[in-house]
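Okay, upload37.txt now, which holds compact mmCIF, C-alpha atoms:
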# COMPACT_ATOMS: atom_id res chain seq x y z
CA MET A 1 36.45 89.02 -105.12
CA ASP A 2 37.84 90.82 -102.05
CA ASP A 3 36.47 94.02 -100.51
CA ALA A 4 39.13 96.31 -101.89
CA LYS A 5 38.78 95.06 -105.46
CA GLU A 6 35.00 95.23 -105.61
CA ALA A 7 34.91 98.66 -103.98
CA GLY A 8 35.51 100.20 -107.38
CA GLU A 9 32.43 98.62 -108.97
CA GLY A 10 28.67 98.95 -109.01
CA ASP A 11 25.89 101.26 -107.91
CA ARG A 12 22.97 101.30 -105.48
CA HIS A 13 19.62 103.00 -105.17
CA SER A 14 19.06 105.67 -102.51
CA HIS A 15 17.22 104.35 -99.46
CA SER A 16 15.68 106.69 -96.89
CA THR A 17 15.28 103.94 -94.27
CA ALA A 18 18.98 103.25 -93.71
CA PRO A 19 19.84 102.42 -90.06
CA ALA A 20 20.48 105.38 -87.77
CA ALA A 21 24.08 104.30 -87.14
CA PHE A 22 24.83 104.25 -90.85
CA ARG A 23 23.17 107.62 -91.42
CA ALA A 24 25.21 109.13 -88.57
CA ALA A 25 28.44 107.67 -89.95
CA VAL A 26 27.68 109.12 -93.39
CA GLU A 27 26.79 112.54 -91.98
CA ALA A 28 30.13 112.63 -90.17
CA LEU A 29 31.85 112.03 -93.52
CA ARG A 30 29.82 114.77 -95.17
CA ALA A 31 30.65 117.28 -92.43
CA SER A 32 34.40 116.62 -92.56
CA ARG A 33 36.83 119.43 -93.34
CA LEU A 34 39.76 118.53 -95.56
CA ARG A 35 42.93 120.05 -96.97
CA PRO A 36 42.25 122.30 -99.99
CA GLN A 37 44.67 120.29 -102.16
CA ILE A 38 42.34 117.29 -101.86
CA GLU A 39 39.30 117.44 -104.13
CA ILE A 40 36.63 115.00 -103.00
CA GLU A 41 33.07 114.09 -103.90
CA GLN A 42 30.53 111.34 -103.48
CA THR A 43 30.51 108.62 -106.11
CA LYS A 44 28.63 105.42 -106.87
CA ALA A 45 28.87 102.78 -104.16
CA PRO A 46 29.42 99.04 -104.78
CA GLN A 47 26.40 96.75 -104.93
CA ARG A 48 27.34 93.44 -103.38
CA LEU A 49 29.66 94.05 -100.46
CA ALA A 50 27.12 94.98 -97.78
CA PRO A 51 23.46 95.96 -97.34
CA TYR A 52 24.46 99.65 -97.02
CA ALA A 53 27.34 101.52 -98.62
CA TYR A 54 28.55 105.07 -99.19
CA ALA A 55 31.51 105.95 -101.42
CA LEU A 56 33.82 108.90 -101.95
CA GLU A 57 36.49 109.55 -104.54
CA ALA A 58 39.31 112.04 -104.17
CA ALA A 59 42.29 113.47 -105.97
CA VAL A 60 45.31 115.38 -104.72
CA VAL A 61 45.65 118.30 -107.11
CA ASP A 62 48.56 120.67 -107.70
CA GLY A 63 47.58 123.22 -110.34
CA ASP A 64 46.36 121.16 -113.29
CA GLN A 65 48.22 118.02 -112.20
CA ASP A 66 46.70 115.11 -110.27
CA LEU A 67 49.38 113.81 -107.91
CA ALA A 68 47.34 110.94 -106.48
CA ASP A 69 43.78 109.69 -106.47
CA GLY A 70 41.70 107.26 -104.48
CA ARG A 71 38.35 105.88 -103.47
CA LEU A 72 37.00 105.27 -99.97
CA VAL A 73 33.91 103.13 -99.32
CA LEU A 74 32.00 102.86 -96.06
CA LEU A 75 30.15 99.54 -95.70
CA HIS A 76 27.55 98.64 -93.10
CA ASP A 77 25.87 95.34 -92.28
CA PRO A 78 23.58 95.71 -89.23
CA SER A 79 23.76 91.94 -88.67
CA GLY A 80 27.53 92.02 -88.41
CA HIS A 81 30.10 90.25 -90.54
CA ASP A 82 32.39 87.46 -89.30
CA ALA A 83 35.35 88.58 -91.41
CA TRP A 84 34.97 92.20 -90.32
CA ARG A 85 34.38 91.43 -86.63
CA GLY A 86 32.01 94.38 -86.59
CA THR A 87 29.13 95.98 -88.46
CA PHE A 88 31.16 98.59 -90.36
CA ARG A 89 34.04 98.25 -92.79
CA LEU A 90 36.13 100.81 -94.68
CA VAL A 91 37.60 99.88 -98.05
CA THR A 92 40.06 101.90 -100.11
CA LEU A 93 41.96 102.09 -103.35
CA VAL A 94 44.78 104.68 -103.60
CA ARG A 95 47.01 105.28 -106.63
CA ALA A 96 49.92 107.58 -107.46
CA GLU A 97 52.66 107.99 -110.04
CA LEU A 98 56.18 107.40 -108.75
CA GLU A 99 59.54 109.01 -109.32
CA PRO A 100 61.98 106.48 -110.86
CA GLU A 101 64.26 106.38 -107.81
CA MET A 102 61.32 105.70 -105.50
CA ALA A 103 59.94 103.00 -107.80
CA ALA A 104 63.28 101.20 -107.63
CA ASP A 105 63.23 100.92 -103.83
CA PRO A 106 62.76 97.22 -102.95
CA LEU A 107 61.12 98.18 -99.65
CA LEU A 108 58.52 100.42 -101.28
CA PRO A 109 55.51 98.09 -100.70
CA GLU A 110 56.30 97.79 -96.99
CA VAL A 111 56.82 101.55 -96.74
CA CYS A 112 53.48 102.30 -98.42
CA TRP A 113 51.62 99.92 -96.11
CA SER A 114 53.29 101.58 -93.13
CA TRP A 115 51.99 104.94 -94.39
CA LEU A 116 48.46 103.59 -94.09
CA THR A 117 48.86 102.15 -90.59
CA GLY A 118 50.94 105.13 -89.51
CA ALA A 119 48.14 107.50 -90.56
CA PHE A 120 45.81 105.67 -88.15
CA GLN A 121 48.36 105.69 -85.35
CA ALA A 122 49.09 109.40 -85.79
CA ARG A 123 45.44 110.18 -85.05
CA GLY A 124 45.09 107.60 -82.30
CA LEU A 125 42.49 105.58 -84.18
CA SER A 126 41.40 102.12 -83.09
CA TYR A 127 40.77 99.62 -85.86
CA GLY A 128 40.86 95.90 -86.50
CA GLU A 129 41.18 93.18 -89.14
CA PRO A 130 43.36 95.16 -91.59
CA SER A 131 43.87 93.53 -94.97
CA GLY A 132 45.26 94.66 -98.28
CA THR A 133 47.81 94.65 -101.08
CA VAL A 134 50.43 97.07 -102.39
CA THR A 135 51.13 96.77 -106.11
CA ARG A 136 53.95 98.43 -108.03
CA ALA A 137 53.65 98.62 -111.82
CA SER A 138 55.93 99.98 -114.55
CA SER A 139 55.07 100.98 -118.12
CA HIS A 140 57.60 101.12 -120.95
CA TYR A 141 56.67 102.57 -124.33
CA PHE A 142 57.65 101.36 -127.80
CA GLY A 143 57.08 102.12 -131.47
CA GLY A 144 55.04 105.27 -131.96
CA LEU A 145 55.06 105.85 -128.21
CA SER A 146 58.79 105.33 -127.72
CA GLU A 147 59.43 109.01 -126.96
CA ARG A 148 57.42 108.76 -123.75
CA PRO A 149 59.52 108.21 -120.63
CA ALA A 150 58.96 105.04 -118.63
CA ALA A 151 56.35 105.48 -115.91
CA SER A 152 55.75 103.74 -112.59
CA GLN A 153 52.69 103.64 -110.38
CA ILE A 154 51.92 102.44 -106.87
CA GLU A 155 48.49 101.13 -105.91
CA ILE A 156 47.25 100.41 -102.39
CA ARG A 157 44.10 98.33 -101.89
CA ALA A 158 43.08 97.92 -98.27
CA SER A 159 40.18 97.39 -95.91
CA TRP A 160 39.83 97.63 -92.14
CA THR A 161 37.18 97.67 -89.41
CA PRO A 162 36.77 101.00 -87.60
CA ARG A 163 35.95 100.49 -83.94
CA GLU A 164 32.42 101.52 -83.07
CA GLY A 165 31.79 104.21 -80.49
CA LEU A 166 28.71 105.69 -78.86
CA GLY A 167 25.51 104.35 -80.40
CA GLY A 168 27.48 101.83 -82.46
CA VAL A 169 28.82 104.59 -84.72
CA PRO A 170 32.52 104.64 -85.70
CA ASP A 171 34.45 107.90 -85.92
CA THR A 172 34.29 108.02 -89.70
CA ALA A 173 35.41 111.65 -89.85
CA ALA A 174 38.71 110.75 -88.18
CA HIS A 175 39.17 107.74 -90.48
CA LEU A 176 38.52 109.99 -93.48
CA ALA A 177 41.12 112.45 -92.19
CA SER A 178 43.65 109.62 -91.82
CA TRP A 179 42.86 108.41 -95.33
CA CYS A 180 43.46 111.93 -96.63
CA ASP A 181 46.77 111.96 -94.74
CA LEU A 182 47.71 108.82 -96.69
CA LEU A 183 46.70 110.43 -99.98
CA ALA A 184 48.73 113.52 -99.18
CA GLN A 185 51.78 111.47 -98.19
CA ILE A 186 51.74 109.27 -101.28
CA ALA A 187 51.36 112.45 -103.37
CA GLY A 188 54.41 113.99 -101.70
CA LEU A 189 52.65 116.81 -99.84
CA PRO A 190 54.05 118.01 -96.50
CA PRO A 191 52.04 117.06 -93.40
CA ALA A 192 49.24 119.44 -92.41
CA GLY A 193 49.96 121.26 -89.17
CA PRO A 194 47.82 120.79 -86.03
CA GLY A 195 44.69 122.89 -86.21
CA ASP A 196 45.39 123.76 -89.83
CA ALA A 197 42.68 126.25 -90.81
CA SER A 198 43.28 125.87 -94.54
CA VAL A 199 40.70 123.12 -94.87
CA VAL A 200 37.43 122.96 -96.74
CA THR A 201 34.15 121.25 -95.97
CA LEU A 202 33.37 118.10 -97.90
CA PRO A 203 30.66 118.91 -100.48
CA GLN A 204 27.35 117.26 -99.68
CA ARG A 205 25.87 115.36 -102.57
CA ARG A 206 23.42 112.44 -102.72
CA ASP A 207 21.74 110.48 -99.94
CA PRO A 208 23.24 107.37 -98.31
CA GLN A 209 22.74 104.36 -100.53
CA SER A 210 21.56 100.83 -99.86
CA ARG A 211 20.75 97.66 -101.70
Mind converting the file's structure to structure tokens?
Amino acid sequence: MDDAKEAGEGDRHSHSTAPAAFRAAVEALRASRLRPQIEIEQTKAPQRLAPYAYALEAAVVDGDQDLADGRLVLLHDPSGHDAWRGTFRLVTLVRAELEPEMAADPLLPEVCWSWLTGAFQARGLSYGEPSGTVTRASSHYFGGLSERPAASQIEIRASWTPREGLGGVPDTAAHLASWCDLLAQIAGLPPAGPGDASVVTLPQRRDPQSR
């Protein structure tokens, strides 16, 4: 099972002896300030992907409507990982409902992947070993459900290695901001302006988790 698929599964027990680099990376996530339309909280982290993991889930909300939702997992293996080419890895799942005309665009998967890489580029982030899939699905209803209109959904599963900075700690706050840019774009929100003050601090919940 690949990183992006397993990122939605499992749980871990809190561990107070997590490496300093991992704790610093998690604290940067907790201190991040995000757009008010994005509701985010800590959630259960996967069990088998790495010795240490921390997970967030988010939704883009407009009134009582969820426009998009996603999950972001920070993984850390102090011994390094050959496939990652580093000691940290970020894994995501992002989903959104689509308008019919957008769902019919044959280039939609390529466009959605470019939204992810473009979000990194817009913030000048350095990363490596990107991997992922873009899946488009349609639902048609019959019988007792035939009055429901057809629905389409896009799903992005991806993982990448954030480049490590001072003390071996990646800029997880900037990667979280880029991920939120992707969520906002797939939900159809306008870009946030530079220095946008209408942001909120990420709620702090449980401790970093480890195996």
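Rounded to one decimal, atom CA of Ser79 of chain A and atom CA of Ala50 of chain A lie 10.2 Å from each other.
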Please identify all polymer residues within 12 Å of Glu99 of chain A, counting all atoms listed in the file, omitting same-chain residues fewer than 3 positions from it, and present them as a compact mmCIF listing (two decimals) with C-alpha atoms, in the coordinates of the input.
# COMPACT_ATOMS: atom_id res chain seq x y z
CA LEU A 67 49.38 113.81 -107.91
CA ALA A 96 49.92 107.58 -107.46
CA MET A 102 61.32 105.70 -105.50
CA ALA A 103 59.94 103.00 -107.80
CA ALA A 104 63.28 101.20 -107.63
CA ASP A 105 63.23 100.92 -103.83
CA LEU A 108 58.52 100.42 -101.28
CA SER A 138 55.93 99.98 -114.55
CA PRO A 149 59.52 108.21 -120.63
CA ALA A 150 58.96 105.04 -118.63
CA ALA A 151 56.35 105.48 -115.91
CA SER A 152 55.75 103.74 -112.59
CA GLN A 153 52.69 103.64 -110.38
CA ILE A 154 51.92 102.44 -106.87
CA ILE A 186 51.74 109.27 -101.28
CA ALA A 187 51.36 112.45 -103.37
CA GLY A 188 54.41 113.99 -101.70
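You will find atom CA of Ser178 of chain A at 5.1 Å from atom CA of Ala119 of chain A.
Atom pair atom CA of Pro190 of chain A / atom CA of Val91 of chain A: separated by 24.5 Å.
Environment of (50.9, 105.8, -95.2): residues at most 8 Å away, judged by all atoms listed in the file, are Val111, Cys112, Trp113, Ser114, Trp115, Leu116, Thr117, Gly118, Ala119, Asp181, Leu182, Leu183, Gln185 and Ile186 of chain A.
The residues that lie within 12 Å of the point (40.6, 103.3, -80.4), counting only C-alpha atoms, are Phe120, Gln121, Ala122, Arg123, Gly124, Leu125, Ser126, Tyr127, Gly128, Thr161, Pro162, Arg163, Glu164, Gly165, Pro170, Asp171, Ala174 and His175 of chain A.
Using only C-alpha atoms for every distance, the candidate list A:Glu27, A:Glu129, A:Glu57, A:Asp62 yields A:Glu57 as the residue closest to Lys44 of chain A.
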Provide an axis-aligned box for all listed atoms of segment 60-69 of chain A, padding each side by 5 Å; report its centre and its edge lengths in Å to one decimal, as JSON.
{"center_x": 46.6, "center_y": 116.5, "center_z": -109.0, "size_x": 15.6, "size_y": 23.5, "size_z": 18.6}
At a cut-off of 10 Å, can you tabulate as a Markdown table every residue of segment 123-180 of chain A near segment 70-74 of chain A together with its closest atom pair and the distance in Å to one decimal, using only C-alpha atoms and ordering rows by chain then number?
| residue | atom | partner | partner_atom | distance |
| --- | --- | --- | --- | --- |
| A:Glu155 | CA | A:Gly70 | CA | 9.3 |
| A:Ile156 | CA | A:Gly70 | CA | 9.1 |
| A:Arg157 | CA | A:Gly70 | CA | 9.6 |
| A:Ala158 | CA | A:Leu72 | CA | 9.7 |
| A:Ser159 | CA | A:Val73 | CA | 9.2 |
| A:Thr161 | CA | A:Leu74 | CA | 9.9 |
| A:Pro162 | CA | A:Leu74 | CA | 9.9 |
| A:Thr172 | CA | A:Leu74 | CA | 8.5 |
| A:Leu176 | CA | A:Leu72 | CA | 8.2 |
| A:Trp179 | CA | A:Leu72 | CA | 8.1 |
| A:Cys180 | CA | A:Gly70 | CA | 9.3 |
Restricting it to C-alpha atoms, dump the selection as a PDB file, in the coordinates of the input.
ATOM      1  CA  GLU A 155      48.490 101.130-105.910  1.00  0.00           C
ATOM      2  CA  ILE A 156      47.250 100.410-102.390  1.00  0.00           C
ATOM      3  CA  ARG A 157      44.100  98.330-101.890  1.00  0.00           C
ATOM      4  CA  ALA A 158      43.080  97.920 -98.270  1.00  0.00           C
ATOM      5  CA  SER A 159      40.180  97.390 -95.910  1.00  0.00           C
ATOM      6  CA  THR A 161      37.180  97.670 -89.410  1.00  0.00           C
ATOM      7  CA  PRO A 162      36.770 101.000 -87.600  1.00  0.00           C
ATOM      8  CA  THR A 172      34.290 108.020 -89.700  1.00  0.00           C
ATOM      9  CA  LEU A 176      38.520 109.990 -93.480  1.00  0.00           C
ATOM     10  CA  TRP A 179      42.860 108.410 -95.330  1.00  0.00           C
ATOM     11  CA  CYS A 180      43.460 111.930 -96.630  1.00  0.00           C
TER      12      CYS A 180
END
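If all atoms listed in the file are the atoms counted, then among A:Ala21, A:Val61, A:Leu56, A:Leu107 the closest residue to Pro36 of chain A is A:Val61.
Among the candidates A:Pro130, A:Pro78, A:Pro191, A:Gly63, the residue lying nearest to Ala20 of chain A is A:Pro78 (atoms considered: all atoms listed in the file).
Remark: for Gln37 of chain A, the closest of the candidate residues A:Ala59, A:Ala177, A:Ala83, A:Ala137 is A:Ala59 (distances computed over only C-alpha atoms).
Proximity of A:Asp64, A:Asp69, A:Glu147, A:Glu41 to Glu97 of chain A, computed with all atoms listed in the file, is greatest for A:Asp69.
With only C-alpha atoms as the atoms that count, the residue of A:Gly144, A:Arg23, A:Pro106, A:Glu39 with the shortest distance to Leu75 of chain A is A:Arg23.
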- Item | For Asp77 of chain A: contacts at 12 Å, all atoms listed in the file, fewer than 5 positions along chain excluded, given as an MDAnalysis selection string | chainID A and resid 18:19 21:22 48:53 82:90 161 168 210:211
Please, could you write that set of residues out with C-alpha atoms as a compact mmCIF listing (two decimals), in the frame of the given file?
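Below you can see out_21.txt, which holds the result:
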# COMPACT_ATOMS: atom_id res chain seq x y z
CA ALA A 18 18.98 103.25 -93.71
CA PRO A 19 19.84 102.42 -90.06
CA ALA A 21 24.08 104.30 -87.14
CA PHE A 22 24.83 104.25 -90.85
CA ARG A 48 27.34 93.44 -103.38
CA LEU A 49 29.66 94.05 -100.46
CA ALA A 50 27.12 94.98 -97.78
CA PRO A 51 23.46 95.96 -97.34
CA TYR A 52 24.46 99.65 -97.02
CA ALA A 53 27.34 101.52 -98.62
CA ASP A 82 32.39 87.46 -89.30
CA ALA A 83 35.35 88.58 -91.41
CA TRP A 84 34.97 92.20 -90.32
CA ARG A 85 34.38 91.43 -86.63
CA GLY A 86 32.01 94.38 -86.59
CA THR A 87 29.13 95.98 -88.46
CA PHE A 88 31.16 98.59 -90.36
CA ARG A 89 34.04 98.25 -92.79
CA LEU A 90 36.13 100.81 -94.68
CA THR A 161 37.18 97.67 -89.41
CA GLY A 168 27.48 101.83 -82.46
CA SER A 210 21.56 100.83 -99.86
CA ARG A 211 20.75 97.66 -101.70
Assuming the input is short of atoms at segment 81-116 of chain A, produce N, CA and C atoms for that part as a short mmCIF file (atom, residue, chain, number, x, y, z; two decimals), keeping the file's coordinate frame.
data_model
loop_
_atom_site.label_atom_id
_atom_site.label_comp_id
_atom_site.auth_asym_id
_atom_site.auth_seq_id
_atom_site.Cartn_x
_atom_site.Cartn_y
_atom_site.Cartn_z
N HIS A 81 29.41 91.03 -89.51
CA HIS A 81 30.10 90.25 -90.54
C HIS A 81 31.28 89.56 -89.86
N ASP A 82 31.35 88.22 -89.99
CA ASP A 82 32.39 87.46 -89.30
C ASP A 82 33.79 87.92 -89.68
N ALA A 83 34.01 88.18 -90.97
CA ALA A 83 35.35 88.58 -91.41
C ALA A 83 35.72 89.98 -90.92
N TRP A 84 34.71 90.84 -90.79
CA TRP A 84 34.97 92.20 -90.32
C TRP A 84 35.16 92.25 -88.81
N ARG A 85 34.47 91.37 -88.10
CA ARG A 85 34.38 91.43 -86.63
C ARG A 85 33.78 92.78 -86.20
N GLY A 86 32.71 93.14 -86.87
CA GLY A 86 32.01 94.38 -86.59
C GLY A 86 30.89 94.57 -87.59
N THR A 87 30.23 95.71 -87.52
CA THR A 87 29.13 95.98 -88.46
C THR A 87 29.50 97.01 -89.52
N PHE A 88 30.68 97.63 -89.37
CA PHE A 88 31.16 98.59 -90.36
C PHE A 88 32.50 98.11 -90.93
N ARG A 89 32.76 98.54 -92.15
CA ARG A 89 34.04 98.25 -92.79
C ARG A 89 34.38 99.42 -93.70
N LEU A 90 35.64 99.80 -93.74
CA LEU A 90 36.13 100.81 -94.68
C LEU A 90 37.05 100.13 -95.69
N VAL A 91 36.86 100.49 -96.95
CA VAL A 91 37.60 99.88 -98.05
C VAL A 91 38.18 100.99 -98.91
N THR A 92 39.43 100.83 -99.34
CA THR A 92 40.06 101.90 -100.11
C THR A 92 40.89 101.38 -101.27
N LEU A 93 41.01 102.24 -102.26
CA LEU A 93 41.96 102.09 -103.35
C LEU A 93 42.65 103.44 -103.50
N VAL A 94 43.99 103.45 -103.46
CA VAL A 94 44.78 104.68 -103.60
C VAL A 94 45.85 104.44 -104.66
N ARG A 95 46.03 105.42 -105.56
CA ARG A 95 47.01 105.28 -106.63
C ARG A 95 47.82 106.56 -106.79
N ALA A 96 49.08 106.41 -107.19
CA ALA A 96 49.92 107.58 -107.46
C ALA A 96 51.04 107.20 -108.40
N GLU A 97 51.47 108.17 -109.21
CA GLU A 97 52.66 107.99 -110.04
C GLU A 97 53.90 108.12 -109.16
N LEU A 98 54.96 107.43 -109.55
CA LEU A 98 56.18 107.40 -108.75
C LEU A 98 57.36 107.99 -109.51
N GLU A 99 58.25 108.62 -108.76
CA GLU A 99 59.54 109.01 -109.32
C GLU A 99 60.37 107.74 -109.52
N PRO A 100 61.22 107.70 -110.56
CA PRO A 100 61.98 106.48 -110.86
C PRO A 100 62.79 105.95 -109.68
N GLU A 101 63.43 106.86 -108.92
CA GLU A 101 64.26 106.38 -107.81
C GLU A 101 63.41 105.77 -106.70
N MET A 102 62.20 106.29 -106.51
CA MET A 102 61.32 105.70 -105.50
C MET A 102 60.80 104.35 -105.98
N ALA A 103 60.46 104.25 -107.26
CA ALA A 103 59.94 103.00 -107.80
C ALA A 103 60.94 101.87 -107.69
N ALA A 104 62.24 102.22 -107.68
CA ALA A 104 63.28 101.20 -107.63
C ALA A 104 63.56 100.69 -106.22
N ASP A 105 62.98 101.31 -105.21
CA ASP A 105 63.23 100.92 -103.83
C ASP A 105 62.57 99.57 -103.54
N PRO A 106 63.35 98.55 -103.19
CA PRO A 106 62.76 97.22 -102.95
C PRO A 106 61.84 97.19 -101.74
N LEU A 107 61.96 98.14 -100.84
CA LEU A 107 61.12 98.18 -99.65
C LEU A 107 59.87 99.03 -99.83
N LEU A 108 59.64 99.51 -101.05
CA LEU A 108 58.52 100.42 -101.28
C LEU A 108 57.17 99.86 -100.84
N PRO A 109 56.82 98.60 -101.15
CA PRO A 109 55.51 98.09 -100.70
C PRO A 109 55.35 98.15 -99.18
N GLU A 110 56.38 97.74 -98.44
CA GLU A 110 56.30 97.79 -96.99
C GLU A 110 56.17 99.22 -96.49
N VAL A 111 56.89 100.15 -97.14
CA VAL A 111 56.82 101.55 -96.74
C VAL A 111 55.42 102.10 -96.96
N CYS A 112 54.82 101.79 -98.11
CA CYS A 112 53.48 102.30 -98.42
C CYS A 112 52.44 101.75 -97.45
N TRP A 113 52.57 100.48 -97.08
CA TRP A 113 51.62 99.92 -96.11
C TRP A 113 51.80 100.60 -94.75
N SER A 114 53.05 100.91 -94.41
CA SER A 114 53.29 101.58 -93.13
C SER A 114 52.73 103.00 -93.14
N TRP A 115 52.63 103.63 -94.32
CA TRP A 115 51.99 104.94 -94.39
C TRP A 115 50.52 104.85 -94.00
N LEU A 116 49.86 103.78 -94.43
CA LEU A 116 48.46 103.59 -94.09
C LEU A 116 48.28 103.37 -92.59
#
